[in-house]
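Data file: upload10.txt. Format and content: compact mmCIF, C-alpha atoms (C1' of nucleotides).
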# COMPACT_ATOMS: atom_id res chain seq x y z
CA MET Y 1 95.27 291.74 125.66
CA GLY Y 2 94.54 289.74 122.54
CA GLU Y 3 96.30 286.41 122.24
CA ASP Y 4 97.20 286.86 118.61
CA GLU Y 5 98.26 290.40 119.28
CA LEU Y 6 100.79 289.17 121.80
CA VAL Y 7 102.05 286.52 119.40
CA ALA Y 8 102.51 289.19 116.77
CA LEU Y 9 104.50 291.33 119.17
CA LEU Y 10 106.76 288.46 120.11
CA LYS Y 11 107.19 287.34 116.50
CA CYS Y 12 108.27 290.87 115.76
CA LEU Y 13 110.91 290.88 118.47
CA ALA Y 14 112.03 287.32 117.84
CA ASP Y 15 114.42 288.23 115.08
CA ARG Y 16 118.10 288.94 115.39
CA SER Y 17 118.07 291.95 113.09
CA ARG Y 18 114.97 293.53 114.58
CA LEU Y 19 116.24 293.02 118.08
CA ARG Y 20 119.47 294.77 117.18
CA ILE Y 21 117.48 297.61 115.68
CA VAL Y 22 115.42 297.95 118.83
CA ARG Y 23 118.53 297.97 120.97
CA ALA Y 24 120.15 300.61 118.79
CA LEU Y 25 117.02 302.75 118.94
CA ALA Y 26 116.97 302.36 122.70
CA ALA Y 27 120.04 304.58 122.87
CA GLU Y 28 118.96 307.26 120.39
CA ASP Y 29 116.71 307.93 117.43
CA LEU Y 30 118.29 306.87 114.16
CA TYR Y 31 117.55 306.90 110.44
CA VAL Y 32 117.63 304.06 107.96
CA GLU Y 33 120.99 304.63 106.36
CA LEU Y 34 122.82 304.80 109.66
CA LEU Y 35 121.16 301.65 110.90
CA SER Y 36 122.03 300.03 107.62
CA GLU Y 37 125.72 300.77 108.14
CA ARG Y 38 125.80 299.80 111.78
CA LEU Y 39 124.05 296.50 111.30
CA ALA Y 40 125.71 295.72 107.97
CA LEU Y 41 122.36 295.18 106.27
CA ALA Y 42 120.97 296.53 103.01
CA PRO Y 43 118.85 299.66 103.47
CA SER Y 44 115.89 297.85 101.96
CA THR Y 45 116.24 295.16 104.58
CA VAL Y 46 116.34 297.68 107.39
CA SER Y 47 113.33 299.40 105.91
CA PHE Y 48 111.54 296.09 105.78
CA HIS Y 49 112.19 295.42 109.44
CA LEU Y 50 111.29 298.93 110.49
CA ARG Y 51 108.00 298.55 108.72
CA LYS Y 52 107.22 295.45 110.72
CA LEU Y 53 108.26 297.11 113.95
CA ALA Y 54 106.05 300.06 113.10
CA GLU Y 55 103.08 297.80 112.36
CA ALA Y 56 103.52 296.29 115.79
CA ARG Y 57 103.64 299.81 117.22
CA ILE Y 58 107.07 299.18 118.63
CA VAL Y 59 108.60 302.11 116.76
CA SER Y 60 107.32 305.30 115.17
CA SER Y 61 108.86 307.66 112.64
CA TYR Y 62 109.13 311.35 111.87
CA ARG Y 63 110.95 313.30 109.21
CA THR Y 64 113.85 315.66 109.74
CA GLN Y 65 115.83 317.14 106.86
CA TYR Y 66 116.79 314.44 104.42
CA TYR Y 67 116.14 311.66 106.85
CA VAL Y 68 113.31 309.67 108.32
CA MET Y 69 114.06 309.26 111.99
CA TYR Y 70 112.82 306.22 113.86
CA ALA Y 71 112.09 306.22 117.57
CA LEU Y 72 111.23 303.55 120.11
CA ASN Y 73 107.77 303.45 121.71
CA ARG Y 74 109.11 302.66 125.15
CA ALA Y 75 105.82 302.80 127.00
CA LYS Y 76 104.11 300.39 124.61
CA LEU Y 77 106.99 297.94 124.69
CA ASP Y 78 107.40 297.91 128.46
CA HIS Y 79 103.70 297.57 129.01
CA ASN Y 80 103.29 294.68 126.62
CA LEU Y 81 106.15 292.64 127.98
CA LEU Y 82 105.04 293.26 131.51
CA VAL Y 83 101.67 291.90 130.55
CA LEU Y 84 103.36 288.84 129.11
CA VAL Y 85 105.31 288.16 132.28
CA SER Y 86 102.28 288.49 134.51
CA ALA Y 87 99.81 287.01 132.05
CA SER Y 88 99.25 283.32 132.65
CA ALA Y 89 96.13 284.09 134.67
CA GLY Y 90 92.71 284.95 133.33
CA ASP Y 91 91.83 281.55 131.94
CA GLU Y 92 90.02 279.95 134.87
CA GLY Y 93 86.58 280.12 133.29
CA GLU Y 94 87.78 278.85 129.95
CA GLN Y 95 89.75 276.10 131.60
CA GLU Y 96 86.83 274.86 133.63
CA ARG Y 97 84.72 274.78 130.53
CA ARG Y 98 87.29 272.70 128.70
CA GLU Y 99 87.70 270.41 131.69
CA GLU Y 100 83.96 269.84 131.73
CA ALA Y 101 83.90 269.13 127.99
CA TYR Y 102 86.67 266.60 128.41
CA ARG Y 103 84.80 264.99 131.28
CA GLN Y 104 81.70 264.68 129.16
CA ARG Y 105 83.64 263.11 126.33
CA VAL Y 106 85.05 260.48 128.65
CA ILE Y 107 81.60 259.71 130.02
CA ASP Y 108 80.16 259.44 126.53
CA SER Y 109 82.84 257.01 125.45
CA PHE Y 110 82.56 254.66 128.44
CA PHE Y 111 78.82 254.71 129.07
CA GLU Y 112 76.24 253.33 126.68
CA TYR Y 113 72.54 253.73 127.50
CA GLY Y 114 73.52 254.40 131.12
CA CYS Y 115 75.62 251.25 131.32
CA LEU Y 116 79.35 251.10 131.80
CA THR Y 117 80.99 249.32 128.85
CA ALA Y 118 84.42 249.05 130.52
CA ILE Y 119 86.47 250.51 133.34
CA PRO Y 120 89.13 252.82 131.89
CA ARG Y 121 92.76 251.92 132.49
CA GLN Y 122 93.87 255.53 132.61
CA ARG Y 123 93.73 256.94 136.11
CA LYS Y 124 92.12 260.22 135.17
CA LYS Y 125 89.40 258.65 133.04
CA LYS Y 126 88.81 255.93 135.59
CA ARG Y 127 88.30 258.56 138.27
CA ILE Y 128 85.69 260.34 136.18
CA VAL Y 129 83.75 257.18 135.45
CA LEU Y 130 83.80 256.15 139.09
CA GLU Y 131 82.55 259.56 140.17
CA VAL Y 132 79.57 259.11 137.87
CA ALA Y 133 78.88 255.68 139.31
CA ALA Y 134 79.13 257.04 142.85
CA GLU Y 135 76.29 259.46 142.15
CA ARG Y 136 73.92 256.49 142.25
CA PHE Y 137 74.28 256.42 146.01
CA GLU Y 138 72.42 258.84 148.27
CA PRO Y 139 74.85 260.79 150.43
CA GLY Y 140 74.59 259.97 154.16
CA ARG Y 141 72.60 256.74 153.74
CA VAL Y 142 74.28 253.50 154.84
CA TYR Y 143 74.09 250.56 152.45
CA SER Y 144 74.59 246.85 153.13
CA GLU Y 145 76.86 245.00 150.73
CA ARG Y 146 73.83 243.43 149.15
CA GLU Y 147 72.28 246.85 148.55
CA VAL Y 148 75.50 248.16 147.04
CA ASN Y 149 75.53 245.28 144.59
CA ASP Y 150 71.91 245.97 143.67
CA VAL Y 151 72.78 249.58 142.87
CA LEU Y 152 75.82 248.69 140.78
CA SER Y 153 74.71 245.58 138.92
CA PRO Y 154 72.46 247.46 136.47
CA ILE Y 155 75.40 249.47 135.17
CA TYR Y 156 78.26 246.94 135.13
CA ASP Y 157 78.69 243.17 135.19
CA ASP Y 158 81.75 242.88 137.37
CA VAL Y 159 80.19 244.37 140.48
CA CYS Y 160 83.03 243.23 142.74
CA THR Y 161 85.73 245.10 140.83
CA LEU Y 162 83.59 248.19 140.53
CA ARG Y 163 82.84 248.22 144.26
CA ARG Y 164 86.50 247.72 145.12
CA ASP Y 165 87.55 250.55 142.82
CA LEU Y 166 84.98 252.87 144.34
CA VAL Y 167 86.35 252.16 147.79
CA GLY Y 168 89.89 252.47 146.51
CA GLU Y 169 89.17 255.92 145.14
CA GLY Y 170 87.54 256.97 148.38
CA LEU Y 171 84.19 257.41 146.68
CA LEU Y 172 82.66 254.77 148.87
CA ALA Y 173 83.52 254.33 152.56
CA ARG Y 174 82.99 251.26 154.66
CA ASP Y 175 83.11 250.02 158.25
CA ALA Y 176 81.42 247.33 160.29
CA ARG Y 177 77.93 248.79 159.72
CA GLY Y 178 78.24 248.80 155.91
CA TYR Y 179 78.97 251.19 153.03
CA TRP Y 180 78.15 254.87 152.54
CA ARG Y 181 78.99 257.72 150.22
CA PRO Y 182 81.22 260.21 152.04
CA ALA Y 183 81.03 263.98 151.54
CA PRO Y 184 83.93 265.15 149.32
CA GLY Y 185 86.79 266.43 151.48
CA PRO Y 186 88.38 269.84 150.86
CA GLY Y 187 91.45 268.22 149.32
CA GLU Y 188 89.40 266.56 146.61
CA LEU Y 189 87.69 269.64 145.32
CA ALA Y 190 90.47 270.48 142.88
CA SER Y 191 90.55 267.29 140.87
CA MET T 1 122.75 287.70 128.59
CA GLY T 2 123.64 286.38 125.18
CA GLU T 3 122.01 288.10 122.26
CA ASP T 4 121.28 284.91 120.39
CA GLU T 5 120.06 283.30 123.57
CA LEU T 6 117.47 286.00 123.95
CA VAL T 7 116.41 285.65 120.32
CA ALA T 8 116.01 281.93 120.87
CA LEU T 9 113.85 282.55 123.91
CA LEU T 10 111.61 284.96 122.06
CA LYS T 11 111.40 282.73 118.99
CA CYS T 12 110.27 280.00 121.31
CA LEU T 13 107.50 282.09 122.80
CA ALA T 14 106.50 283.67 119.51
CA ASP T 15 104.23 280.86 118.46
CA ARG T 16 100.54 280.56 119.04
CA SER T 17 100.62 276.92 120.08
CA ARG T 18 103.59 277.27 122.39
CA LEU T 19 102.13 280.32 124.01
CA ARG T 20 98.93 278.45 124.70
CA ILE T 21 100.94 275.61 126.18
CA VAL T 22 102.80 278.01 128.45
CA ARG T 23 99.57 279.60 129.57
CA ALA T 24 98.04 276.23 130.29
CA LEU T 25 101.10 275.17 132.27
CA ALA T 26 100.93 278.41 134.22
CA ALA T 27 97.81 277.11 135.93
CA GLU T 28 99.00 273.57 136.65
CA ASP T 29 101.39 270.89 135.55
CA LEU T 30 100.02 268.84 132.67
CA TYR T 31 100.97 265.89 130.51
CA VAL T 32 101.13 265.58 126.75
CA GLU T 33 97.86 263.82 126.06
CA LEU T 34 95.83 266.30 128.07
CA LEU T 35 97.47 269.25 126.38
CA SER T 36 96.84 267.56 123.07
CA GLU T 37 93.10 267.39 123.77
CA ARG T 38 92.82 270.88 125.17
CA LEU T 39 94.67 272.54 122.31
CA ALA T 40 93.21 270.28 119.64
CA LEU T 41 96.65 269.35 118.35
CA ALA T 42 98.22 265.99 117.58
CA PRO T 43 100.23 264.55 120.47
CA SER T 44 103.31 264.54 118.28
CA THR T 45 102.87 268.24 117.67
CA VAL T 46 102.56 268.97 121.37
CA SER T 47 105.61 266.87 122.03
CA PHE T 48 107.48 268.80 119.37
CA HIS T 49 106.63 272.10 121.01
CA LEU T 50 107.40 270.87 124.49
CA ARG T 51 110.79 269.78 123.30
CA LYS T 52 111.52 273.28 122.05
CA LEU T 53 110.26 274.83 125.26
CA ALA T 54 112.45 272.45 127.24
CA GLU T 55 115.50 273.31 125.14
CA ALA T 56 114.89 276.96 125.93
CA ARG T 57 114.63 276.00 129.60
CA ILE T 58 111.11 277.38 129.76
CA VAL T 59 109.64 274.08 130.93
CA SER T 60 110.94 270.95 132.58
CA SER T 61 109.47 267.47 132.91
CA TYR T 62 109.17 264.66 135.40
CA ARG T 63 107.42 261.30 135.29
CA THR T 64 104.43 260.25 137.33
CA GLN T 65 102.55 257.05 136.69
CA TYR T 66 101.91 256.59 133.02
CA TYR T 67 102.53 260.19 132.23
CA VAL T 68 105.31 262.68 131.69
CA MET T 69 104.31 265.84 133.50
CA TYR T 70 105.51 269.17 132.24
CA ALA T 71 106.02 272.17 134.50
CA LEU T 72 106.78 275.82 133.92
CA ASN T 73 110.15 277.27 134.96
CA ARG T 74 108.66 280.47 136.30
CA ALA T 75 111.85 281.98 137.68
CA LYS T 76 113.74 281.52 134.43
CA LEU T 77 110.92 282.97 132.36
CA ASP T 78 110.33 286.00 134.53
CA HIS T 79 114.01 286.74 134.79
CA ASN T 80 114.61 286.54 131.06
CA LEU T 81 111.76 288.77 130.09
CA LEU T 82 112.66 291.27 132.75
CA VAL T 83 116.09 291.39 131.24
CA LEU T 84 114.56 292.03 127.87
CA VAL T 85 112.49 294.91 129.11
CA SER T 86 115.38 296.60 130.83
CA ALA T 87 117.99 295.57 128.29
CA SER T 88 118.58 298.35 125.82
CA ALA T 89 121.54 299.51 127.87
CA GLY T 90 125.02 298.03 127.92
CA ASP T 91 126.05 299.08 124.42
CA GLU T 92 127.69 302.44 125.07
CA GLY T 93 131.26 301.31 124.53
CA GLU T 94 130.43 299.31 121.43
CA GLN T 95 128.41 302.15 120.02
CA GLU T 96 131.14 304.72 120.49
CA ARG T 97 133.59 302.45 118.79
CA ARG T 98 131.30 302.09 115.79
CA GLU T 99 130.64 305.80 115.72
CA GLU T 100 134.35 306.49 115.62
CA ALA T 101 134.87 303.95 112.85
CA TYR T 102 132.13 305.58 110.82
CA ARG T 103 133.67 309.00 111.40
CA GLN T 104 137.01 307.76 110.16
CA ARG T 105 135.46 306.30 107.04
CA VAL T 106 133.81 309.62 106.22
CA ILE T 107 137.07 311.46 106.71
CA ASP T 108 138.95 309.00 104.54
CA SER T 109 136.48 309.38 101.73
CA PHE T 110 136.41 313.18 101.66
CA PHE T 111 140.05 313.99 102.37
CA GLU T 112 142.91 313.18 100.04
CA TYR T 113 146.46 313.95 101.13
CA GLY T 114 145.06 316.29 103.75
CA CYS T 115 142.98 318.19 101.19
CA LEU T 116 139.21 318.31 101.08
CA THR T 117 137.95 316.87 97.77
CA ALA T 118 134.35 318.05 98.26
CA ILE T 119 131.94 319.20 100.94
CA PRO T 120 129.44 316.41 101.71
CA ARG T 121 125.76 317.10 101.08
CA GLN T 122 124.61 314.92 103.95
CA ARG T 123 124.34 316.85 107.17
CA LYS T 124 126.02 314.27 109.33
CA LYS T 125 128.99 313.78 107.03
CA LYS T 126 129.29 317.50 106.44
CA ARG T 127 129.45 318.09 110.16
CA ILE T 128 132.28 315.58 110.56
CA VAL T 129 134.32 317.09 107.76
CA LEU T 130 133.86 320.61 109.10
CA GLU T 131 134.92 319.51 112.57
CA VAL T 132 138.16 318.24 111.09
CA ALA T 133 138.71 321.52 109.25
CA ALA T 134 138.02 323.48 112.44
CA GLU T 135 140.92 321.72 114.16
CA ARG T 136 143.25 323.86 112.04
CA PHE T 137 142.43 326.83 114.22
CA GLU T 138 143.98 327.35 117.65
CA PRO T 139 141.30 327.62 120.31
CA GLY T 140 141.08 331.10 121.88
CA ARG T 141 143.10 332.92 119.25
CA VAL T 142 141.32 335.59 117.16
CA TYR T 143 141.84 335.48 113.39
CA SER T 144 141.28 338.21 110.81
CA GLU T 145 139.31 337.19 107.72
CA ARG T 146 142.52 337.18 105.76
CA GLU T 147 144.15 334.82 108.24
CA VAL T 148 141.15 332.50 108.13
CA ASN T 149 141.43 332.29 104.37
CA ASP T 150 145.13 331.50 104.65
CA VAL T 151 144.36 328.62 106.99
CA LEU T 152 141.61 327.20 104.78
CA SER T 153 142.97 327.69 101.28
CA PRO T 154 145.50 324.84 101.51
CA ILE T 155 142.75 322.33 102.10
CA TYR T 156 139.92 323.51 99.82
CA ASP T 157 139.50 325.79 96.80
CA ASP T 158 136.19 327.42 97.63
CA VAL T 159 137.33 329.12 100.82
CA CYS T 160 134.24 331.34 101.02
CA THR T 161 131.79 328.45 101.15
CA LEU T 162 133.93 326.55 103.61
CA ARG T 163 134.19 329.58 105.92
CA ARG T 164 130.47 330.22 105.73
CA ASP T 165 129.69 326.57 106.53
CA LEU T 166 132.03 326.62 109.52
CA VAL T 167 130.25 329.67 110.89
CA GLY T 168 126.88 328.11 110.10
CA GLU T 169 127.74 325.03 112.08
CA GLY T 170 128.95 327.11 115.01
CA LEU T 171 132.49 325.78 114.61
CA LEU T 172 133.77 329.28 113.91
CA ALA T 173 132.46 332.39 115.71
CA ARG T 174 132.74 335.97 114.51
CA ASP T 175 132.17 339.53 115.70
CA ALA T 176 133.62 342.95 114.89
CA ARG T 177 137.15 341.94 115.97
CA GLY T 178 137.30 338.88 113.69
CA TYR T 179 136.93 335.05 113.86
CA TRP T 180 137.78 332.54 116.56
CA ARG T 181 137.22 328.90 117.39
CA PRO T 182 134.78 328.63 120.30
CA ALA T 183 134.96 325.97 122.99
CA PRO T 184 132.36 323.28 122.37
CA GLY T 185 129.23 323.94 124.45
CA PRO T 186 127.69 321.26 126.67
CA GLY T 187 124.83 320.76 124.21
CA GLU T 188 127.18 319.79 121.42
CA LEU T 189 129.00 317.05 123.24
CA ALA T 190 126.46 314.44 122.27
CA SER T 191 126.61 314.78 118.51
C1' DA E 1 111.74 322.98 87.31
C1' DA E 2 115.65 319.81 87.60
C1' DT E 3 118.37 316.89 90.24
C1' DC E 4 120.33 314.58 94.00
C1' DT E 5 119.69 311.45 97.84
C1' DG E 6 117.53 308.77 101.11
C1' DA E 7 113.37 305.63 101.82
C1' DT E 8 110.21 302.39 100.34
C1' DT E 9 108.17 298.88 97.51
C1' DT E 10 108.54 295.04 94.36
C1' DT E 11 110.12 290.74 93.15
C1' DA E 12 112.68 286.60 93.57
C1' DT E 13 114.76 283.07 96.30
C1' DG E 14 116.40 280.17 99.81
C1' DG E 15 115.68 278.51 104.27
C1' DA E 16 113.14 277.75 108.51
C1' DC E 17 109.37 275.78 110.72
C1' DA E 18 104.57 274.14 112.22
C1' DT E 19 101.79 270.31 111.51
C1' DC E 20 100.46 265.56 111.30
C1' DG E 21 100.52 260.38 110.58
C1' DA E 22 103.26 256.32 111.06
C1' DA E 23 106.72 253.92 113.24
C1' DT E 24 109.44 253.43 117.33
C1' DT E 25 110.70 253.73 122.14
C1' DA E 26 109.99 253.70 127.09
C1' DT E 27 107.53 252.65 131.15
C1' DA E 28 104.19 250.83 134.25
C1' DT E 29 100.91 247.16 135.29
C1' DA E 30 99.47 242.29 135.27
C1' DT O 1 108.02 238.54 131.04
C1' DA O 2 104.30 240.17 128.28
C1' DT O 3 101.15 243.81 127.27
C1' DA O 4 98.96 248.16 127.16
C1' DT O 5 99.59 252.99 126.72
C1' DA O 6 101.81 257.30 126.71
C1' DA O 7 105.62 259.75 124.58
C1' DT O 8 108.84 260.57 121.17
C1' DT O 9 111.05 260.45 116.75
C1' DC O 10 110.90 260.30 111.69
C1' DG O 11 109.41 261.67 107.20
C1' DA O 12 106.74 264.51 104.30
C1' DT O 13 104.32 268.71 103.15
C1' DG O 14 102.83 273.32 102.82
C1' DT O 15 103.34 277.92 104.66
C1' DC O 16 105.68 281.75 106.25
C1' DC O 17 109.53 284.77 106.32
C1' DA O 18 114.28 287.10 106.05
C1' DT O 19 117.20 288.94 102.70
C1' DA O 20 118.77 291.78 99.00
C1' DA O 21 118.89 293.72 94.20
C1' DA O 22 116.27 296.68 91.21
C1' DA O 23 112.73 299.88 90.44
C1' DT O 24 110.00 303.45 92.19
C1' DC O 25 108.78 307.15 95.33
C1' DA O 26 109.38 311.43 98.10
C1' DG O 27 111.44 315.46 99.56
C1' DA O 28 114.70 318.85 99.70
C1' DT O 29 118.28 321.74 97.63
C1' DT O 30 119.82 324.59 93.86
Mind turning this structure into structure tokens?
Amino acid sequence: MGEDELVALLKCLADRSRLRIVRALAAEDLYVELLSERLALAPSTVSFHLRKLAEARIVSSYRTQYYVMYALNRAKLDHNLLVLVSASAGDEGEQERREEAYRQRVIDSFFEYGCLTAIPRQRKKKRIVLEVAAERFEPGRVYSEREVNDVLSPIYDDVCTLRRDLVGEGLLARDARGYWRPAPGPGELAS
Amino acid sequence: MGEDELVALLKCLADRSRLRIVRALAAEDLYVELLSERLALAPSTVSFHLRKLAEARIVSSYRTQYYVMYALNRAKLDHNLLVLVSASAGDEGEQERREEAYRQRVIDSFFEYGCLTAIPRQRKKKRIVLEVAAERFEPGRVYSEREVNDVLSPIYDDVCTLRRDLVGEGLLARDARGYWRPAPGPGELAS
DNA sequence: AATCTGATTTTATGGACATCGAATTATATA
DNA sequence: TATATAATTCGATGTCCATAAAATCAGATT
């Protein structure tokens, strides 16, 4: 369902007078003058609201005798609101695209000619930058501390801080033999 | 559920930006700055909308690190919209009271000192007036045409028209023996 | 055809609200 | 405690919209 279409539907229902009209029509079909009396509104006002409700396909009209009867489109209404309740989903692709765009923007603003200009203070941005730095290491290979420094020094002056942050984020592992780049665990796939 | 409360809820959802916020929060909890980037809105604007959503109890917030995370109140949202879909009912008493008030107003405006001043052109009003006139006849008893005229003449000059209208509305029945007031059929209870 | 009545459209007006930038507040890190 | 940063509030602005009176339209009855 169209996003704007849903907004239009809700805008239509989000009015005291129109909601009262809908509720009245839920019980039985009615014509303008009667609605006008019941709701204590001018007939022109009721007509105005009915027009909007009709444009949103919430009500429809037919003539009988002197009057123009208005009826509720129950199916349409129920269906639309059900969609609203269970909507929420359906954005995964779009969301991933936006996430990637954001990631790229962060990278662009902290890297210059392949070099890191600063380490972001914000956790999320910092994480992204560190992930980029971590890609310099071959997965599986074990590096000595000296080798790690050689990899990092071309992209940032303060190699010590950068190396510590990488370890802190779990992007670089270490033990007695040296450093290596661990495979991303299942828990880290989401972020 | 309060009528105005429901209007407030719908008003809150009936906005493009807020709806996009809700949809984004449906996937995961987010903080203001991120929402601001994703929706291409100023942080103050996002904050403004989140405040409204929080007032309507659609979202709630908690702090983590630097950020204020916002989360969707799924239960509340689902429940409210379900109520909206299945609302419609619950007005019977109120409606009958209004219907009776309307009926009394019609009677007051067309009867003067127990006499009919005119027969309404509008179907609905005409029906009400004729129902009142029909009460002059005892149910079950058969009247001659002369007797019918005697009953009606005190309340309206044009007895012929009045009698014809009563028969036309089914409030007076006739055959070879004369006229009588029929018991209301099941189909006529509604109107 | 003339007229009565209900419905709609037009027009005017007052109020609500989304948006953003600037200033302020609150909180976490150093 | 000082500072950086995210969040909120404030003030201003332009747009949208609900409401109703008056004019017009439509349809049915006589």
Test item: chain T residues at most 7 Å from chain Y, counting all atoms listed in the file, as a ChimeraX atom specification: /T:7,10-11,13-16,23,26,38,78,81,85,88
Do you have, as a tab-separated table, the list of residues of chain E lying at most 10 Å from chain Y, each with its nearest atom pair and that distance in Å to one decimal, counting only C-alpha atoms (C1' of nucleotides) and ordered by chain then number?
residue	atom	partner	partner_atom	distance
E:DT5	C1'	Y:Tyr66	CA	7.8
E:DG6	C1'	Y:Tyr67	CA	6.6
E:DA7	C1'	Y:Ser47	CA	7.5
E:DT8	C1'	Y:Ser47	CA	7.0
E:DT9	C1'	Y:Ser44	CA	9.0
E:DT29	C1'	Y:Arg121	CA	9.8
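Distance annotation: of E:DG15, E:DT27, E:DT10, E:DA22, the residue with the minimal separation from O:DT24 is E:DT10; atom set is all atoms listed in the file.
Going from atom C1' of O:DT8 over to atom C1' of E:DA16, you cover 21.8 Å.
Pairwise distance (atom CA of T:Arg177, atom CA of T:Cys115) equals 28.6 Å.
One distance worth recording is that between atom CA of T:Val46 and atom C1' of E:DT19, which is 10.0 Å.
Interface residues of chain O facing chain T, defined by any atom at most 8 Å away and using all atoms listed in the file, are DT5, DA6, DA7 and DT8 of chain O.
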Skip Y:Trp180 itself and residues of its chain fewer than 4 positions away, then list as a list in words all residues within 12 Å of it, counting all atoms listed in the file. Ala134, Glu135, Arg136, Phe137, Glu138, Pro139, Gly140, Arg141, Val142, Tyr143, Ser144, Glu145, Glu147, Val148, Arg163, Leu166, Val167, Gly170, Leu171, Leu172, Ala173, Arg174, Asp175 and Ala176 of chain Y
For each of O:DA4, O:DA28, O:DA12, O:DA20, take the minimum atom-to-atom distance to E:DA28, counting all atoms listed in the file, then give the residue where this is smallest. O:DA4
Since the input lacks atoms, please generate N, CA and C atoms for stretch 29-40 of chain T and provide them as a PDB file, keeping the file's coordinate frame.
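Wrote it out as result-v7.pdb, contents follow:
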ATOM      1  N   ASP T  29     100.577 271.801 136.338  1.00  0.00           N
ATOM      2  CA  ASP T  29     101.390 270.890 135.550  1.00  0.00           C
ATOM      3  C   ASP T  29     100.466 269.962 134.764  1.00  0.00           C
ATOM      4  N   LEU T  30     100.872 269.664 133.526  1.00  0.00           N
ATOM      5  CA  LEU T  30     100.020 268.840 132.670  1.00  0.00           C
ATOM      6  C   LEU T  30     100.884 267.869 131.875  1.00  0.00           C
ATOM      7  N   TYR T  31     100.236 266.832 131.340  1.00  0.00           N
ATOM      8  CA  TYR T  31     100.970 265.890 130.510  1.00  0.00           C
ATOM      9  C   TYR T  31     100.509 266.000 129.062  1.00  0.00           C
ATOM     10  N   VAL T  32     101.275 265.365 128.190  1.00  0.00           N
ATOM     11  CA  VAL T  32     101.130 265.580 126.750  1.00  0.00           C
ATOM     12  C   VAL T  32      99.708 265.327 126.253  1.00  0.00           C
ATOM     13  N   GLU T  33      99.153 264.190 126.623  1.00  0.00           N
ATOM     14  CA  GLU T  33      97.860 263.820 126.060  1.00  0.00           C
ATOM     15  C   GLU T  33      96.781 264.848 126.410  1.00  0.00           C
ATOM     16  N   LEU T  34      96.826 265.322 127.654  1.00  0.00           N
ATOM     17  CA  LEU T  34      95.830 266.300 128.070  1.00  0.00           C
ATOM     18  C   LEU T  34      95.989 267.598 127.286  1.00  0.00           C
ATOM     19  N   LEU T  35      97.215 268.039 127.158  1.00  0.00           N
ATOM     20  CA  LEU T  35      97.470 269.250 126.380  1.00  0.00           C
ATOM     21  C   LEU T  35      96.977 269.046 124.951  1.00  0.00           C
ATOM     22  N   SER T  36      97.257 267.872 124.423  1.00  0.00           N
ATOM     23  CA  SER T  36      96.840 267.560 123.070  1.00  0.00           C
ATOM     24  C   SER T  36      95.329 267.732 122.901  1.00  0.00           C
ATOM     25  N   GLU T  37      94.565 267.260 123.870  1.00  0.00           N
ATOM     26  CA  GLU T  37      93.100 267.390 123.770  1.00  0.00           C
ATOM     27  C   GLU T  37      92.666 268.837 123.923  1.00  0.00           C
ATOM     28  N   ARG T  38      93.240 269.504 124.895  1.00  0.00           N
ATOM     29  CA  ARG T  38      92.820 270.880 125.170  1.00  0.00           C
ATOM     30  C   ARG T  38      93.122 271.821 124.014  1.00  0.00           C
ATOM     31  N   LEU T  39      94.265 271.626 123.377  1.00  0.00           N
ATOM     32  CA  LEU T  39      94.670 272.540 122.310  1.00  0.00           C
ATOM     33  C   LEU T  39      94.227 272.038 120.942  1.00  0.00           C
ATOM     34  N   ALA T  40      93.631 270.851 120.916  1.00  0.00           N
ATOM     35  CA  ALA T  40      93.210 270.280 119.640  1.00  0.00           C
ATOM     36  C   ALA T  40      94.381 270.166 118.671  1.00  0.00           C
TER      37      ALA T  40
END
